[in-house]
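Raw contents of upload-v3.cif, mmCIF, C-alpha atoms:
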```cif
data_work
#
loop_
_atom_site.label_atom_id
_atom_site.label_comp_id
_atom_site.auth_asym_id
_atom_site.auth_seq_id
_atom_site.Cartn_x
_atom_site.Cartn_y
_atom_site.Cartn_z
CA MET A 1 -120.95 38.57 124.87
CA PRO A 2 -121.36 35.96 122.09
CA ASP A 3 -125.16 36.32 122.40
CA LEU A 4 -124.86 40.11 122.16
CA SER A 5 -122.56 39.97 119.13
CA HIS A 6 -124.91 37.48 117.47
CA ARG A 7 -127.87 39.79 118.04
CA ILE A 8 -125.96 42.78 116.69
CA ARG A 9 -125.03 40.77 113.59
CA GLU A 10 -128.65 39.68 113.11
CA LEU A 11 -129.82 43.29 113.46
CA GLY A 12 -127.23 44.43 110.94
CA LEU A 13 -128.35 41.79 108.44
CA SER A 14 -131.99 42.74 108.93
CA VAL A 15 -131.21 46.40 108.20
CA GLU A 16 -129.16 45.39 105.15
CA HIS A 17 -131.98 43.21 103.80
CA TRP A 18 -134.55 45.95 104.37
CA ALA A 19 -132.39 48.47 102.51
CA LYS A 20 -131.94 46.11 99.56
CA GLU A 21 -135.65 45.38 99.34
CA HIS A 22 -136.59 49.08 99.27
CA ARG A 23 -133.72 50.35 97.14
CA TRP A 24 -136.04 50.45 94.13
CA LEU A 25 -137.79 53.48 95.64
CA ILE A 26 -134.69 55.64 95.17
CA ARG A 27 -133.79 53.91 91.90
CA TYR A 28 -137.27 54.04 90.48
CA SER A 29 -136.26 55.02 86.94
CA HIS A 30 -133.65 52.26 86.77
CA SER A 31 -136.02 49.63 88.15
CA LYS A 32 -138.80 50.65 85.77
CA ARG A 33 -136.41 50.51 82.81
CA VAL A 34 -135.29 46.99 83.76
CA ARG A 35 -138.89 45.83 84.08
CA ASP A 36 -140.11 47.48 80.88
CA GLN A 37 -137.20 46.16 78.82
CA TRP A 38 -137.86 42.60 80.03
CA MET A 39 -141.57 42.88 79.27
CA SER A 40 -140.87 44.27 75.80
CA ARG A 41 -138.38 41.50 74.97
CA GLN A 42 -140.68 38.73 76.16
CA LYS A 43 -143.70 40.14 74.33
CA ALA A 44 -141.68 40.35 71.09
CA LYS A 45 -140.49 36.80 71.64
CA ALA A 46 -144.05 35.56 72.12
CA ASP A 47 -145.29 37.43 69.04
CA LYS A 48 -142.49 35.99 66.92
CA SER A 49 -143.31 32.48 68.13
CA LYS A 50 -146.95 32.92 67.10
CA LEU A 51 -146.06 34.29 63.64
CA SER A 52 -143.63 31.49 62.90
CA ALA A 53 -146.10 28.84 64.09
CA GLN A 54 -143.49 27.40 66.43
CA PRO A 55 -144.74 24.74 68.85
CA ALA A 56 -145.44 25.99 72.33
CA GLY A 57 -143.22 23.32 73.85
CA CYS A 58 -143.86 20.31 76.04
CA ALA A 59 -145.34 22.20 79.03
CA THR A 60 -148.62 20.66 80.14
CA LYS A 61 -149.26 22.88 83.20
CA ARG A 62 -149.24 26.60 83.88
CA CYS A 63 -147.65 28.31 86.88
CA LEU A 64 -147.94 31.96 87.87
CA LEU A 65 -145.11 33.52 89.89
CA ASP A 66 -146.37 36.40 92.01
CA LEU A 67 -143.21 37.50 93.78
CA GLN A 68 -142.31 40.80 95.36
CA ARG A 69 -139.23 40.41 97.57
CA ILE A 70 -135.75 40.17 96.02
CA ALA A 71 -134.87 37.79 98.86
CA ASN A 72 -136.20 35.18 96.41
CA ASP A 73 -133.12 35.80 94.23
CA GLY A 74 -130.63 33.99 96.44
CA GLU A 75 -126.90 34.10 95.76
CA GLN A 76 -126.59 36.36 92.68
CA GLY A 77 -129.96 35.08 91.49
CA ARG A 78 -129.12 31.36 91.79
CA ARG A 79 -132.14 30.40 93.90
CA PHE A 80 -134.56 32.05 91.52
CA HIS A 81 -132.80 30.43 88.57
CA ALA A 82 -133.10 27.03 90.25
CA LEU A 83 -136.80 27.59 90.98
CA VAL A 84 -137.56 28.59 87.39
CA THR A 85 -135.51 25.79 85.85
CA LEU A 86 -136.99 23.06 88.04
CA LEU A 87 -140.49 24.31 87.26
CA GLN A 88 -139.82 24.48 83.53
CA HIS A 89 -138.20 21.05 83.37
CA GLY A 90 -141.01 19.73 85.58
CA GLY A 91 -143.54 20.54 82.86
CA TYR A 92 -144.72 24.06 83.71
CA GLU A 93 -145.21 27.03 81.41
CA LEU A 94 -144.28 30.10 83.46
CA SER A 95 -145.70 33.59 83.83
CA LEU A 96 -144.66 36.36 86.22
CA VAL A 97 -146.56 39.31 87.64
CA PRO A 98 -144.20 42.20 86.71
CA ARG A 99 -143.78 43.80 90.11
CA LEU A 100 -141.23 46.59 90.19
CA GLN A 101 -139.72 45.63 93.55
CA PHE A 102 -138.90 42.09 92.43
CA LEU A 103 -137.70 43.06 88.95
CA GLN A 104 -135.30 45.75 90.18
CA THR A 105 -132.56 43.09 89.98
CA GLY A 106 -133.84 41.56 86.74
CA HIS A 107 -130.76 42.67 84.80
CA ARG A 108 -128.33 40.57 86.84
CA GLN A 109 -126.81 37.55 85.12
CA TYR A 110 -128.54 34.48 86.56
CA LYS A 111 -131.86 36.18 87.23
CA ALA A 112 -131.86 37.65 83.73
CA SER A 113 -131.19 34.19 82.29
CA ALA A 114 -134.13 32.72 84.22
CA LEU A 115 -136.44 35.56 83.14
CA THR A 116 -135.93 34.69 79.46
CA ASN A 117 -138.05 31.58 80.13
CA ILE A 118 -141.00 33.49 81.63
CA GLN A 119 -143.79 35.57 80.14
CA PRO A 120 -145.11 38.69 81.90
CA PHE A 121 -148.69 38.45 83.14
CA CYS A 122 -151.11 41.29 83.77
CA ASP A 123 -154.82 41.03 84.55
CA SER A 124 -155.52 43.13 81.47
CA ASP A 125 -153.99 40.37 79.31
CA LEU A 126 -156.42 37.75 80.59
CA HIS A 127 -159.06 36.56 78.16
CA ALA A 128 -162.53 35.81 79.50
CA ASP A 129 -162.34 32.18 78.38
CA GLN A 130 -158.79 31.58 79.60
CA ALA A 131 -158.45 28.80 82.17
CA PRO A 132 -156.93 29.67 85.56
CA PHE A 133 -153.32 28.80 86.32
CA ASP A 134 -152.78 25.33 87.75
CA LEU A 135 -150.48 26.75 90.42
CA CYS A 136 -149.40 30.11 91.79
CA LEU A 137 -146.24 30.58 93.85
CA SER A 138 -146.52 33.77 95.84
CA ASP A 139 -144.67 35.54 98.64
CA ARG A 140 -147.60 37.95 99.01
CA CYS A 141 -150.79 35.96 99.47
CA ASP A 142 -152.11 32.52 100.40
CA ARG A 143 -154.71 32.47 97.67
CA HIS A 144 -154.42 34.03 94.23
CA PRO A 145 -157.68 34.68 92.32
CA ARG A 146 -156.16 33.57 89.01
CA ALA A 147 -154.96 30.15 90.18
CA ARG A 148 -156.59 26.89 91.20
CA ARG A 149 -154.02 26.47 93.95
CA THR A 150 -151.61 28.90 95.63
CA MET A 151 -148.46 27.92 97.49
CA ARG A 152 -146.75 30.45 99.72
CA VAL A 153 -143.04 31.10 99.10
CA ILE A 154 -140.96 31.80 102.21
CA THR A 155 -137.34 32.86 102.61
CA SER A 156 -136.93 33.20 106.39
CA THR A 157 -134.12 31.13 107.86
CA ARG A 158 -135.02 31.74 111.50
CA ARG A 159 -137.73 29.11 111.89
CA PRO A 160 -137.53 25.34 111.47
CA LEU A 161 -139.40 23.76 108.58
CA SER A 162 -142.91 22.68 109.48
CA ASP A 163 -144.52 19.45 108.29
CA SER A 164 -146.43 21.42 105.63
CA ASP A 165 -143.29 23.07 104.20
CA TYR A 166 -141.54 21.75 101.12
CA ALA A 167 -137.86 22.56 100.65
CA LEU A 168 -136.74 23.80 97.25
CA PRO A 169 -133.90 21.41 96.35
CA TYR A 170 -130.42 22.85 96.12
CA SER A 171 -129.58 22.56 92.46
CA PHE A 172 -126.99 22.87 89.71
CA PHE A 173 -124.92 25.94 89.00
CA PRO A 174 -127.02 28.09 86.62
CA LEU A 175 -124.59 27.84 83.70
CA VAL A 176 -124.69 24.05 83.99
CA TRP A 177 -128.48 24.10 83.64
CA ASP A 178 -128.19 26.49 80.71
CA HIS A 179 -126.11 23.94 78.77
CA HIS A 180 -129.12 21.54 78.75
CA CYS A 181 -127.03 18.49 79.71
CA ASP A 182 -129.69 16.90 81.91
CA GLY A 183 -131.17 14.96 79.00
CA SER A 184 -128.03 12.79 78.87
CA PHE A 185 -128.00 11.62 82.50
CA ASP A 186 -128.71 7.97 81.68
CA GLY A 187 -125.66 7.87 79.42
CA TYR A 188 -123.46 9.57 82.00
CA ARG A 189 -124.61 7.18 84.72
CA GLN A 190 -123.60 4.18 82.63
CA SER A 191 -120.17 5.57 81.66
CA PRO A 192 -117.09 3.50 82.48
CA ARG A 193 -115.51 4.84 85.68
CA THR A 194 -111.75 5.12 85.29
CA TRP A 195 -110.96 7.37 88.26
CA ARG A 196 -111.53 6.56 91.92
CA LEU A 197 -111.78 10.07 93.44
CA PHE A 198 -112.15 13.43 91.69
CA PHE A 199 -112.37 17.11 92.59
CA ALA A 200 -112.60 20.24 90.47
CA GLY A 201 -113.21 23.81 91.55
CA GLN A 202 -111.75 26.83 93.25
CA CYS A 203 -109.86 26.06 96.46
CA THR A 204 -107.81 29.15 97.26
CA GLN A 205 -107.00 29.91 100.86
CA GLU A 206 -108.30 33.47 100.47
CA GLY A 207 -111.71 32.45 99.15
CA TYR A 208 -112.34 29.12 100.89
CA ARG A 209 -110.75 29.26 104.32
CA GLY A 210 -113.81 29.38 106.53
CA ILE A 211 -117.53 29.49 105.77
CA SER A 212 -118.68 33.06 106.18
CA LYS A 213 -122.49 32.83 106.26
CA TYR A 214 -123.18 29.59 108.08
CA PRO A 215 -120.84 29.22 111.07
CA ARG A 216 -123.31 27.09 113.05
CA LEU A 217 -122.22 23.82 111.39
CA GLN A 218 -118.59 23.25 112.28
CA ILE A 219 -116.94 21.50 109.34
CA LEU A 220 -113.63 21.62 107.49
CA ASP A 221 -113.48 24.44 104.98
CA ARG A 222 -112.73 23.69 101.32
CA HIS A 223 -109.11 24.82 101.44
CA SER A 224 -108.41 22.48 104.37
CA VAL A 225 -110.25 19.56 102.70
CA ILE A 226 -108.20 19.83 99.50
CA ARG A 227 -104.96 20.34 101.40
CA CYS A 228 -105.68 17.20 103.44
CA ALA A 229 -106.43 15.21 100.27
CA LYS A 230 -103.23 16.33 98.57
CA GLN A 231 -101.20 15.41 101.65
CA HIS A 232 -102.90 12.01 101.96
CA TYR A 233 -102.35 11.00 98.35
CA ALA A 234 -98.98 12.75 97.99
CA ASP A 235 -97.16 11.14 95.02
CA LEU A 236 -100.36 9.43 93.83
CA LEU A 237 -102.04 12.76 93.07
CA LEU A 238 -102.87 13.50 89.43
CA GLU A 239 -103.43 17.24 88.95
CA ILE A 240 -104.81 18.28 85.57
CA THR A 241 -103.50 21.64 84.33
CA SER A 242 -104.15 21.68 80.56
CA ASP A 243 -106.29 20.25 77.77
CA GLU A 244 -103.49 17.87 76.84
CA CYS A 245 -103.13 16.67 80.42
CA LEU A 246 -106.89 16.13 80.62
CA ALA A 247 -106.96 14.07 77.41
CA ASP A 248 -104.16 11.85 78.74
CA ALA A 249 -105.87 11.46 82.13
CA ARG A 250 -109.17 10.38 80.59
CA ALA A 251 -107.48 7.61 78.66
CA ILE A 252 -106.07 5.80 81.71
CA ARG A 253 -107.33 4.22 84.92
CA HIS A 254 -106.33 6.15 88.00
CA ALA A 255 -107.14 4.51 91.33
CA SER A 256 -106.16 7.46 93.47
CA PHE A 257 -107.03 11.20 93.42
CA VAL A 258 -107.54 13.33 90.30
CA MET A 259 -108.08 17.06 90.73
CA ILE A 260 -108.46 20.30 88.79
CA ASP A 261 -107.74 23.58 90.55
CA ASN A 262 -109.75 26.18 88.66
CA ALA A 263 -107.21 28.82 89.63
CA ASN A 264 -104.80 27.06 87.24
CA TYR A 265 -107.06 25.49 84.62
CA ARG A 266 -110.73 25.44 83.60
CA THR A 267 -112.48 22.92 81.41
CA ASP A 268 -115.37 23.55 79.02
CA PRO A 269 -118.55 23.84 81.18
CA ALA A 270 -120.41 21.73 78.60
CA ASP A 271 -118.09 18.82 79.50
CA TRP A 272 -118.63 19.08 83.26
CA PHE A 273 -121.01 16.13 83.62
CA GLY A 274 -118.72 14.02 81.45
CA LEU A 275 -115.85 14.71 83.82
CA LEU A 276 -117.95 13.92 86.88
CA SER A 277 -119.08 10.62 85.36
CA GLN A 278 -115.44 9.61 84.83
CA SER A 279 -115.05 8.96 88.57
CA ASP A 280 -116.56 6.65 91.20
CA PHE A 281 -116.40 9.31 93.93
CA PHE A 282 -116.43 13.10 94.05
CA LEU A 283 -114.79 15.03 96.89
CA ALA A 284 -117.67 17.45 97.54
CA ALA A 285 -115.75 20.09 99.48
CA PRO A 286 -118.01 22.82 100.91
CA GLY A 287 -118.59 26.23 99.39
CA GLY A 288 -117.23 29.51 100.67
CA ASP A 289 -120.40 31.21 101.90
CA TYR A 290 -122.51 28.10 102.63
CA PRO A 291 -121.42 24.51 103.30
CA LEU A 292 -123.75 23.05 100.67
CA SER A 293 -122.11 23.12 97.23
CA HIS A 294 -123.78 22.80 93.82
CA ASN A 295 -120.95 20.46 92.76
CA ALA A 296 -122.33 17.82 95.11
CA ILE A 297 -125.74 17.98 93.40
CA GLU A 298 -124.17 17.72 89.94
CA ALA A 299 -122.16 14.67 91.01
CA ILE A 300 -125.24 12.98 92.47
CA ALA A 301 -127.16 13.59 89.23
CA VAL A 302 -124.76 11.41 87.24
CA GLY A 303 -124.38 8.73 89.90
CA THR A 304 -120.98 9.83 91.21
CA ILE A 305 -120.84 9.20 94.96
CA PRO A 306 -120.23 12.34 97.05
CA VAL A 307 -117.67 12.34 99.87
CA LEU A 308 -118.80 15.11 102.21
CA GLU A 309 -119.23 16.42 105.75
CA TYR A 310 -122.56 18.27 105.38
CA GLU A 311 -124.98 15.45 104.56
CA SER A 312 -127.47 16.82 107.11
CA LEU A 313 -128.09 19.91 104.97
CA PHE A 314 -129.90 17.88 102.34
CA THR A 315 -133.66 17.36 102.65
CA PRO A 316 -133.95 14.52 103.49
CA ALA A 317 -130.43 14.03 104.83
CA LEU A 318 -128.03 11.83 102.89
CA ARG A 319 -127.04 8.59 104.63
CA ASP A 320 -123.49 7.31 104.94
CA GLY A 321 -123.00 4.00 103.14
CA GLU A 322 -126.37 4.34 101.39
CA ASN A 323 -125.97 7.33 99.08
CA CYS A 324 -122.76 9.05 100.19
CA VAL A 325 -119.55 8.68 102.20
CA THR A 326 -119.33 10.99 105.21
CA TYR A 327 -116.56 12.03 107.57
CA ARG A 328 -115.93 14.26 110.58
CA GLY A 329 -112.82 16.42 110.73
CA ALA A 330 -109.40 15.83 109.17
CA ALA A 331 -108.92 12.41 110.79
CA GLY A 332 -112.36 11.31 109.57
CA LEU A 333 -111.55 12.55 106.07
CA ARG A 334 -108.39 10.46 105.94
CA GLY A 335 -110.45 7.50 107.14
CA ALA A 336 -112.94 8.12 104.32
CA PHE A 337 -110.08 8.01 101.79
CA ASP A 338 -109.05 4.62 103.18
CA ARG A 339 -112.65 3.37 103.05
CA ILE A 340 -113.21 4.22 99.40
CA ALA A 341 -109.83 2.75 98.44
CA ALA A 342 -110.88 -0.57 100.00
CA MET A 343 -114.38 -0.76 98.49
CA SER A 344 -115.19 -3.58 96.10
CA PRO A 345 -116.84 -2.97 92.71
CA GLN A 346 -120.06 -4.42 94.11
CA GLN A 347 -120.06 -2.06 97.08
CA ILE A 348 -119.46 0.91 94.78
CA SER A 349 -122.23 -0.23 92.43
CA THR A 350 -124.69 -0.46 95.35
CA LEU A 351 -123.74 3.00 96.56
CA ARG A 352 -124.11 4.40 93.04
CA ARG A 353 -127.61 2.97 92.76
CA GLY A 354 -128.52 4.69 96.03
CA VAL A 355 -127.12 8.01 94.75
CA ILE A 356 -129.14 7.82 91.51
CA ASP A 357 -132.30 6.88 93.41
CA TYR A 358 -131.80 9.87 95.72
CA TYR A 359 -131.55 12.24 92.77
CA GLN A 360 -134.62 10.80 91.08
CA ASP A 361 -136.68 10.84 94.28
CA HIS A 362 -135.64 14.19 95.77
CA LEU A 363 -133.62 16.45 93.44
CA SER A 364 -134.97 15.91 89.92
CA PRO A 365 -137.45 18.30 88.25
CA ALA A 366 -140.03 15.49 88.11
CA ALA A 367 -139.75 14.92 91.87
CA PHE A 368 -139.98 18.67 92.46
CA ALA A 369 -143.16 19.00 90.42
CA GLN A 370 -144.70 15.99 92.17
CA GLN A 371 -143.98 17.43 95.61
CA LEU A 372 -145.35 20.84 94.64
CA GLU A 373 -148.61 19.19 93.66
CA SER A 374 -148.87 17.26 96.93
CA GLN A 375 -151.79 18.52 98.98
CA ARG A 376 -149.85 18.15 102.22
CA HIS A 377 -147.46 20.98 101.25
CA HIS A 378 -148.68 24.55 101.69
CA ARG A 379 -145.42 26.51 101.63
CA LEU A 380 -142.26 26.37 99.52
CA HIS A 381 -139.12 27.18 101.49
CA LEU A 382 -136.24 28.49 99.38
CA TYR A 383 -133.51 28.23 102.04
CA SER A 384 -134.15 25.08 104.04
CA TYR A 385 -130.40 24.39 104.31
CA LEU A 386 -130.00 27.51 106.48
CA THR A 387 -132.82 26.91 108.96
CA PRO A 388 -132.44 25.94 112.64
CA ALA A 389 -133.92 22.53 111.83
CA THR A 390 -130.78 21.84 109.83
CA VAL A 391 -128.61 22.59 112.83
CA LYS A 392 -130.65 20.24 115.01
CA SER A 393 -130.37 17.36 112.54
CA ALA A 394 -126.63 17.90 112.24
CA ALA A 395 -126.03 17.69 115.97
#
```

Output the structure of this file as structure tokens.
Amino acid sequence: MPDLSHRIRELGLSVEHWAKEHRWLIRYSHSKRVRDQWMSRQKAKADKSKLSAQPAGCATKRCLLDLQRIANDGEQGRRFHALVTLLQHGGYELSLVPRLQFLQTGHRQYKASALTNIQPFCDSDLHADQAPFDLCLSDRCDRHPRARRTMRVITSTRRPLSDSDYALPYSFFPLVWDHHCDGSFDGYRQSPRTWRLFFAGQCTQEGYRGISKYPRLQILDRHSVIRCAKQHYADLLLEITSDECLADARAIRHASFVMIDNANYRTDPADWFGLLSQSDFFLAAPGGDYPLSHNAIEAIAVGTIPVLEYESLFTPALRDGENCVTYRGAAGLRGAFDRIAAMSPQQISTLRRGVIDYYQDHLSPAAFAQQLESQRHHRLHLYSYLTPATVKSAA
């Protein structure tokens, strides 16, 4: 019966995905309007830049995106936003073939934000003396005539990654990228750490009790993780509920657990990295749909050590005691709290160095661009953290 129910669920998802991909056929006018408005805005933006003699920017390479399937969007457009941002910060100037099927969702928040950084490309716009693109990322073909090199984009989560696949890194929340804070990472990494363990985010029972779209990895859900932490630290818990409380908390050393429940209080998103860099450790509780959470990536970027149960979902996997602290179940989580409380400054410093190295080597835009240009990679996988290979490595 479990096998049958699994197959029925898979069939239902396949039908749902097919319907979403082809919805543009019955919403043709809407999809065309979205595409044409984006093209008009970007053309006007390019013309204005030429007239004002503004510098073209620091891009040294050109990448063409030839995408058709909206499966490339990801969660509300987050995957596409991550792809575009990593490419742009990795030194690429971006163009997109304006295909109606892909652009039918171009008006949605995160995808629309990413599209503001891309110019439309049509063959009719190509000048005879214009050099080919350095790279094309395509979900349609293995070789694009307008690019020196083409890399296939895949979204299937049913097959393990092959040796020639490169996994798109899980990345920051789109609004965090849009605040352009990544240029200050060195400063954040060297900040004095006055808190031992920190968490901020939503943790309601309704939204975070169970992981709806990845049940294969059995881990504590976010609501249970935060409840366990609050019980463990009890009277030592410092919960921030206002701007005044936050200002007071940042001025003192707190060797226990500091948390912000976003249901009660939200900080300025532009200050997010500053908050993360206040603490030695970040309790990287899993997300609601998928275990992997963008908060873990943001913590790693500033050298804050993640405490987590889904280290196997990273590519390559994080390693306990080298660039993270891991646990298994509620008892393991309580043990992790005891471990970090007993760590010496030297042990924490060594762990932090490993966290920063991991970001630089595997999650940064520079590392992403370098891996894209590696001749051993022929396909870019957007959802490596959902593939069967992930399950095998977690076993």

**Q.** Within 7 Å of region 86-100 of chain A using all atoms listed in the file, minus same-chain residues under 2 positions, as a PyMOL selection string
**A.** chain A and resi 31-32+35+58-66+68+82-84+102-104+118-122+365-366+368-369

Q: Please write the residues picked by the PyMOL selection byres ((chain A and resi 306) around 8) on this file as a PyMOL selection string.
A: chain A and resi 281-284+296+299-300+304-305+307-308+323-325

Q: Any chance you could resolve the PyMOL selection byres ((chain A and resi 352) around 12) against this file and give the residues as a ChimeraX atom specification?
A: /A:189-190,193,277,279-282,299-306,321-325,345-351,353-359

Hits of the PyMOL selection byres ((chain A and resi 149) around 9) in this structure, as an mmCIF file with C-alpha atoms, in the coordinates of the input:
```cif
data_model
loop_
_atom_site.group_PDB
_atom_site.id
_atom_site.type_symbol
_atom_site.label_atom_id
_atom_site.label_comp_id
_atom_site.auth_asym_id
_atom_site.auth_seq_id
_atom_site.Cartn_x
_atom_site.Cartn_y
_atom_site.Cartn_z
ATOM 1 C CA PHE A 133 -153.320 28.800 86.320
ATOM 2 C CA ASP A 134 -152.780 25.330 87.750
ATOM 3 C CA LEU A 135 -150.480 26.750 90.420
ATOM 4 C CA CYS A 136 -149.400 30.110 91.790
ATOM 5 C CA LEU A 137 -146.240 30.580 93.850
ATOM 6 C CA ARG A 143 -154.710 32.470 97.670
ATOM 7 C CA HIS A 144 -154.420 34.030 94.230
ATOM 8 C CA ARG A 146 -156.160 33.570 89.010
ATOM 9 C CA ALA A 147 -154.960 30.150 90.180
ATOM 10 C CA ARG A 148 -156.590 26.890 91.200
ATOM 11 C CA THR A 150 -151.610 28.900 95.630
ATOM 12 C CA MET A 151 -148.460 27.920 97.490
#
```

Q | Gap from CA of Phe314 (chain A) to CA of Ala255 (chain A) - Å, one decimal | A |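 A separation of 28.6 Å between them.
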
(Q) Using only C-alpha atoms and a cutoff of 10 Å, can you tell me which residues are near (-108.0, 23.9, 101.0) in the file's coordinates, and write them out as a ChimeraX atom specification? (A) /A:202-210,220-230,285

Q: Determine the nearest neighbour of Arg152 (chain A) from the options A:Leu382, A:Val34, A:Leu238, A:Ala331, counting all atoms listed in the file.
A: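 Selected residue with least distance to Arg152 (chain A): A:Leu382.
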
(Q) I'd like to know which of A:Trp195, A:Trp38, A:Tyr385, A:Phe172 is closest to Pro316 (chain A), using only C-alpha atoms. (A) A:Tyr385

Q: Would you mind reading off the distance between CA of Leu372 (chain A) and CA of Tyr166 (chain A), one decimal, in Å?
A: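 Distance reported for this atom pair: 7.6 Å.
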
Q.
I'd like to know which of A:Ala167, A:Met259, A:Leu276, A:Leu386 is closest to Phe185 (chain A), using all atoms listed in the file.
A.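 Result for the nearest residue to Phe185 (chain A): A:Leu276.
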
(Q) When you count only C-alpha atoms, which of these residues is closest to Asn264 (chain A): A:His22, A:Thr241, A:Arg69, A:Leu246? (A) A:Thr241

Q.
Just the number, please: distance in Å from CA of Tyr327 (chain A) to CA of Tyr310 (chain A), one decimal.
A.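 Between these atoms lies a distance of 8.9 Å.
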